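coords36.txt (compact mmCIF, C-alpha atoms) appears below.
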# COMPACT_ATOMS: atom_id res chain seq x y z
CA MET M 25 75.64 82.88 92.49
CA ALA M 26 72.03 83.43 93.55
CA TYR M 27 70.78 86.98 93.68
CA LEU M 28 70.47 88.36 97.21
CA LEU M 29 68.58 91.38 98.49
CA LYS M 30 68.71 91.75 102.26
CA TYR M 31 68.44 94.59 104.78
CA GLY M 32 70.17 93.72 108.04
CA ASP M 33 68.95 90.23 108.91
CA TYR M 34 65.81 90.55 106.78
CA GLU M 35 65.83 88.90 103.36
CA PHE M 36 63.34 90.42 100.92
CA PRO M 37 60.89 88.25 98.96
CA THR M 38 62.28 87.20 95.58
CA THR M 39 59.72 89.49 93.89
CA MET M 40 61.54 92.54 95.25
CA ARG M 41 64.49 94.11 93.38
CA PRO M 42 66.62 97.26 93.56
CA ALA M 43 64.96 99.87 91.37
CA SER M 44 66.19 103.44 91.27
CA GLY M 45 69.74 104.55 90.60
CA GLU M 46 72.04 107.00 92.26
CA ALA M 47 70.22 110.27 92.82
CA PRO M 48 72.43 112.55 94.95
CA VAL M 49 70.90 113.86 98.16
CA ASP M 50 72.30 116.38 100.64
CA ILE M 51 72.66 114.93 104.12
CA ALA M 52 73.63 116.48 107.42
CA GLU M 53 77.09 116.82 108.91
CA GLN M 54 78.81 113.51 109.56
CA GLU M 55 82.12 111.70 109.44
CA ARG M 56 83.42 110.97 105.98
CA PRO M 57 86.14 108.35 105.23
CA ARG M 58 88.86 109.48 102.83
CA GLY M 59 90.93 107.44 100.42
CA ASP M 60 94.12 107.85 102.44
CA GLY M 61 92.59 106.01 105.39
CA SER M 62 91.87 109.07 107.51
CA ILE M 63 88.46 110.35 108.54
CA THR M 64 87.34 113.93 108.25
CA GLN M 65 84.30 115.81 109.47
CA VAL M 66 82.36 117.56 106.72
CA GLY M 67 79.49 120.02 106.93
CA ARG M 68 77.42 118.48 104.14
CA GLN M 69 77.96 115.78 101.59
CA LYS M 70 76.21 113.84 98.90
CA SER M 71 74.78 110.39 99.41
CA ARG M 72 73.01 107.91 97.23
CA SER M 73 69.26 107.48 97.24
CA LEU M 74 68.35 103.85 96.55
CA SER M 75 64.98 102.17 96.31
CA VAL M 76 63.71 98.61 96.41
CA LYS M 77 60.50 97.81 94.54
CA GLY M 78 58.33 94.83 93.84
CA GLU M 79 55.10 93.07 94.65
CA ILE M 80 54.35 90.82 97.59
CA ALA M 81 52.05 87.85 97.49
CA GLY M 82 50.48 85.33 99.83
CA ASP M 83 48.44 82.14 99.57
CA THR M 84 45.98 83.59 102.08
CA PRO M 85 45.28 87.08 103.40
CA ASP M 86 47.00 86.11 106.67
CA ASP M 87 50.14 85.02 104.80
CA LEU M 88 50.17 88.26 102.89
CA GLN M 89 49.80 90.36 106.02
CA ALA M 90 52.54 88.39 107.79
CA THR M 91 54.98 89.12 104.94
CA TYR M 92 53.91 92.74 104.89
CA ALA M 93 54.32 93.15 108.68
CA ALA M 94 57.79 91.56 108.67
CA MET M 95 58.93 93.89 105.89
CA ARG M 96 57.49 96.90 107.69
CA ALA M 97 59.31 96.02 110.91
CA ALA M 98 62.63 95.29 109.18
CA CYS M 99 62.58 98.50 107.13
CA ALA M 100 61.43 100.91 109.81
CA PRO M 101 62.74 104.42 109.05
CA GLY M 102 65.80 105.48 110.98
CA ARG M 103 67.79 102.23 111.16
CA LEU M 104 71.29 102.36 109.67
CA VAL M 105 72.16 98.78 108.76
CA ARG M 106 73.63 96.74 105.93
CA LEU M 107 71.73 96.65 102.62
CA TYR M 108 72.99 93.65 100.66
CA HIS M 109 72.39 93.71 96.93
CA GLY M 110 73.46 90.94 94.62
CA ARG M 111 75.99 89.00 96.70
CA ASP M 112 76.25 88.08 100.35
CA ASP M 113 79.70 89.71 100.58
CA GLN M 114 78.70 93.09 99.17
CA TYR M 115 76.60 95.71 100.90
CA VAL M 116 76.19 99.39 101.61
CA MET M 117 75.34 100.93 104.95
CA ALA M 118 71.87 102.31 104.33
CA GLN M 119 69.02 103.90 106.23
CA ALA M 120 65.36 103.33 105.37
CA GLU M 121 63.73 106.69 104.74
CA GLY M 122 60.44 106.28 102.90
CA TRP M 123 57.74 103.76 102.08
CA THR M 124 55.03 103.84 99.43
CA GLU M 125 52.49 101.20 98.55
CA ASP M 126 49.92 100.69 95.83
CA HIS M 127 47.08 98.35 96.76
CA GLN M 128 45.44 96.45 93.94
CA ASP M 129 42.25 95.25 95.57
CA GLY M 130 40.85 93.67 92.39
CA LEU M 131 43.30 90.78 92.63
CA LEU M 132 42.96 87.88 95.01
CA TYR M 133 45.85 86.95 97.21
CA GLY M 134 48.40 87.02 94.37
CA THR M 135 49.95 90.39 93.64
CA VAL M 136 48.02 92.49 96.08
CA THR M 137 50.45 95.21 97.03
CA SER M 138 53.21 96.96 95.13
CA ILE M 139 55.90 98.20 97.52
CA ALA M 140 58.64 100.82 97.08
CA ILE M 141 61.13 101.43 99.90
CA THR M 142 63.66 104.26 99.69
CA PHE M 143 67.05 104.04 101.38
CA ARG M 144 69.86 106.52 101.90
CA ALA M 145 73.39 105.16 101.59
CA PRO M 146 75.99 107.58 103.00
CA ASP M 147 78.95 105.68 101.57
CA PRO M 148 77.84 103.30 98.80
CA ALA M 149 81.29 102.36 97.53
CA TRP M 150 82.40 100.09 100.33
CA CYS M 151 82.35 96.31 99.90
CA ALA M 152 82.57 93.81 102.70
CA ALA M 153 84.95 90.93 103.17
CA ALA M 154 84.93 88.23 105.84
CA SER M 155 84.39 89.49 109.37
CA SER M 156 87.32 89.53 111.80
CA SER M 157 87.80 89.42 115.53
CA PRO M 158 91.50 89.85 116.37
CA ASP M 159 92.88 88.79 119.72
CA LEU M 160 93.49 91.62 122.18
CA ASP M 161 94.55 91.49 125.80
CA PRO M 162 92.64 93.54 128.41
CA ALA M 163 95.06 96.45 128.00
CA GLY M 164 94.70 96.52 124.21
CA GLY M 165 97.06 95.56 121.40
CA THR M 166 97.75 96.24 117.74
CA ILE M 167 95.30 95.56 114.91
CA SER M 168 97.04 95.64 111.53
CA TYR M 169 94.45 96.58 108.96
CA ASP M 170 94.54 97.08 105.19
CA GLY M 171 91.44 98.64 103.70
CA ALA M 172 88.99 101.51 103.85
CA PRO M 173 88.12 102.81 107.35
CA CYS M 174 85.67 100.48 109.06
CA ALA M 175 83.38 100.62 112.07
CA PRO M 176 84.03 97.92 114.68
CA THR M 177 82.07 96.79 117.70
CA TRP M 178 84.16 96.85 120.87
CA SER M 179 83.21 94.63 123.81
CA ILE M 180 84.64 95.20 127.29
CA THR M 181 84.10 92.87 130.26
CA VAL M 182 84.54 94.37 133.72
CA ASP M 183 86.57 92.31 136.18
CA THR M 184 86.36 94.38 139.35
CA GLY M 185 83.64 97.03 139.46
CA GLY M 186 83.42 100.40 141.12
CA ALA M 187 82.77 104.07 140.44
CA GLY M 188 85.39 105.08 137.89
CA TRP M 189 86.15 105.22 134.20
CA ILE M 190 87.26 103.03 131.29
CA ARG M 191 89.09 104.65 128.38
CA LEU M 192 89.47 103.07 124.93
CA ALA M 193 91.79 104.76 122.41
CA ASN M 194 93.16 104.17 118.91
CA THR M 195 96.36 106.15 118.46
CA LEU M 196 96.25 105.76 114.66
CA THR M 197 92.89 107.50 114.27
CA GLY M 198 93.30 109.75 117.32
CA GLU M 199 89.88 108.68 118.64
CA THR M 200 89.21 108.07 122.33
CA ALA M 201 86.02 106.99 124.08
CA THR M 202 85.72 107.32 127.86
CA LEU M 203 83.05 105.42 129.78
CA THR M 204 82.35 106.96 133.17
CA GLY M 205 79.99 105.52 135.78
CA THR M 206 79.53 102.86 138.43
CA PHE M 207 80.27 99.39 137.08
CA ALA M 208 79.65 95.99 138.61
CA ASP M 209 81.79 92.86 138.49
CA GLY M 210 81.11 91.02 135.23
CA ASP M 211 79.41 93.91 133.40
CA VAL M 212 79.71 93.59 129.62
CA ILE M 213 79.88 96.88 127.72
CA ASP M 214 79.34 96.87 123.95
CA ILE M 215 80.38 99.96 121.95
CA ASP M 216 79.14 99.84 118.36
CA ARG M 217 80.85 102.35 116.07
CA ALA M 218 78.58 101.63 113.06
CA ALA M 219 75.34 102.27 114.94
CA TYR M 220 77.09 104.65 117.37
CA THR M 221 75.52 103.04 120.41
CA VAL M 222 76.69 102.01 123.87
CA ALA M 223 75.03 99.20 125.82
CA ILE M 224 75.81 97.67 129.19
CA ASN M 225 74.59 94.09 129.64
CA GLY M 226 72.44 94.59 126.54
CA VAL M 227 70.73 97.76 127.83
CA ALA M 228 71.40 100.98 125.90
CA ASP M 229 73.18 103.62 127.97
CA PHE M 230 74.83 106.17 125.70
CA GLY M 231 75.15 108.57 128.64
CA LEU M 232 78.11 106.53 129.90
CA MET M 233 80.29 107.71 127.04
CA GLY M 234 82.24 110.82 126.23
CA GLY M 235 84.56 111.36 123.29
CA ARG M 236 84.44 109.42 120.03
CA ILE M 237 84.14 105.66 119.51
CA PRO M 238 87.36 104.45 117.84
CA SER M 239 87.17 103.23 114.24
CA LEU M 240 89.86 101.29 112.37
CA ALA M 241 91.94 102.79 109.57
CA ALA M 242 94.54 101.43 107.17
CA GLY M 243 97.79 100.70 109.02
CA ASP M 244 98.72 99.58 112.53
CA ASN M 245 95.90 100.51 114.88
CA ASP M 246 97.47 100.68 118.35
CA ILE M 247 94.59 100.09 120.75
CA ALA M 248 94.98 101.07 124.41
CA LEU M 249 92.50 100.41 127.20
CA THR M 250 93.10 102.14 130.53
CA THR M 251 90.95 102.28 133.65
CA HIS M 252 90.51 104.16 136.92
CA ILE M 253 89.11 102.38 140.00
CA VAL M 254 87.62 99.55 137.90
CA SER M 255 89.55 96.74 136.16
CA VAL M 256 88.83 94.85 132.96
CA SER M 257 89.12 91.13 132.26
CA SER M 258 88.73 91.16 128.46
CA LEU M 259 88.59 93.41 125.40
CA THR M 260 87.39 92.22 122.00
CA CYS M 261 86.95 93.92 118.64
CA ALA M 262 84.65 92.58 115.91
CA TYR M 263 84.65 94.22 112.50
CA THR M 264 84.13 93.62 108.80
CA PRO M 265 87.15 94.63 106.69
CA ARG M 266 86.31 96.94 103.80
CA GLN M 267 87.82 97.42 100.38
CA TYR M 268 88.25 100.76 98.68

Now that the file is in, can you turn its structure into structure tokens?
Amino acid sequence: MAYLLKYGDYEFPTTMRPASGEAPVDIAEQERPRGDGSITQVGRQKSRSLSVKGEIAGDTPDDLQATYAAMRAACAPGRLVRLYHGRDDQYVMAQAEGWTEDHQDGLLYGTVTSIAITFRAPDPAWCAAASSSPDLDPAGGTISYDGAPCAPTWSITVDTGGAGWIRLANTLTGETATLTGTFADGDVIDIDRAAYTVAINGVADFGLMGGRIPSLAAGDNDIALTTHIVSVSSLTCAYTPRQY
């Protein structure tokens, strides 16, 4: 199988490779999955510090700069996305944190710049399997799941709008998110647990939400969607199952 190194949708040039190992780094308070399928809140924890290094090249200065600009944009600090390393079914959730470069001006367009990008991976042990999107009716349903806790994206389509609330709950994890506001007929609300974002018709609006976006844990996840004033025509859940 061909070697793969990709961050989100961006695939690194073949001259780039993972470099550093597993230096532990203290990170701030966050949710931490546990082996029994539950999720706990911890004050501080260790994470892995990973780096990707290599040299980029171009046939012309413009080609080189285009590669450089694309890498810069894809690895902007602060994004928490999938860092694939080695296979297209294995990744860690990682956040770009640092960027160093060593220009070698004496060379022509070949190896002009040596790049090192540092990532933080809060939970490097998870591996991905095929993505899933189970059928749910507008009021919810049961998602039977076997694996490490995972972070789905929930999508809700409003049928009849109004000033009210929409509540999404997972009784297995005890997590409930409540969206409160004025909704229009046909509004599509996307709630992304991995990125912890809320968007309505593609426009970010985290202020709509209170509570905690439901995740999925090992077992029968009983999903309930209830509303006040408004009604919903569809509820979907897209997620990537994870192995311990």

Extract, using only C-alpha atoms, all DNA, RNA and protein residues at most 6 Å from range 174-181 of chain M, discarding same-chain residues fewer than 5 positions from it, and format them as a JSON list (two decimals) with C-alpha atoms, keeping the file's coordinate frame.
[["chain", "number", "residue", "atom", "x", "y", "z"],
["M", 211, "ASP", "CA", 79.41, 93.91, 133.40],
["M", 212, "VAL", "CA", 79.71, 93.59, 129.62],
["M", 213, "ILE", "CA", 79.88, 96.88, 127.72],
["M", 214, "ASP", "CA", 79.34, 96.87, 123.95],
["M", 215, "ILE", "CA", 80.38, 99.96, 121.95],
["M", 216, "ASP", "CA", 79.14, 99.84, 118.36],
["M", 217, "ARG", "CA", 80.85, 102.35, 116.07],
["M", 218, "ALA", "CA", 78.58, 101.63, 113.06],
["M", 239, "SER", "CA", 87.17, 103.23, 114.24],
["M", 240, "LEU", "CA", 89.86, 101.29, 112.37],
["M", 256, "VAL", "CA", 88.83, 94.85, 132.96],
["M", 257, "SER", "CA", 89.12, 91.13, 132.26],
["M", 258, "SER", "CA", 88.73, 91.16, 128.46],
["M", 259, "LEU", "CA", 88.59, 93.41, 125.40],
["M", 260, "THR", "CA", 87.39, 92.22, 122.00],
["M", 261, "CYS", "CA", 86.95, 93.92, 118.64],
["M", 262, "ALA", "CA", 84.65, 92.58, 115.91],
["M", 263, "TYR", "CA", 84.65, 94.22, 112.50]]

Using all atoms listed in the file: which of M:Ile253, M:Tyr169, M:Thr204, M:Asn194 has the shortest distance to Arg236 in chain M: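 Between M:Ile253, M:Tyr169, M:Thr204, M:Asn194, the residue approaching Arg236 in chain M most closely is M:Asn194.
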
Between CA of Thr195 in chain M and CA of Pro265 in chain M - distance in Å to one decimal: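 Separation of CA of Pro265 in chain M and CA of Thr195 in chain M: 18.9 Å.
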
Pick from M:Tyr108, M:Phe230, M:Thr84, M:Pro162, whichever lies nearest to Leu28 in chain M using all atoms listed in the file: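 Residue with the minimum atom-to-atom distance to Leu28 in chain M: M:Tyr108.
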
Nearest candidate to Gly198 in chain M (options M:Gly82, M:Gly122, M:Pro42, M:Pro238; using only C-alpha atoms):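 Smallest distance to Gly198 in chain M is found for M:Pro238.
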
Sel. within 9 Å of pt (75.5, 99.9, 132.0), counting only C-alpha atoms, output as a list in words: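 Protein, DNA and RNA residues close to (75.5, 99.9, 132.0): Gly205, Thr206, Phe207, Ala208, Asp211, Val212, Ile213, Val222, Ala223, Ile224, Asn225, Gly226, Val227, Ala228, Asp229, Phe230 and Leu232 of chain M.
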
Point-to-point distance in Å for CA of Arg103 in chain M and CA of Thr197 in chain M: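 That distance, rounded to one decimal, is 25.8 Å.
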
Atom pair CA of Ala118 in chain M / CA of Leu104 in chain M: separation (Å): 5.4 Å
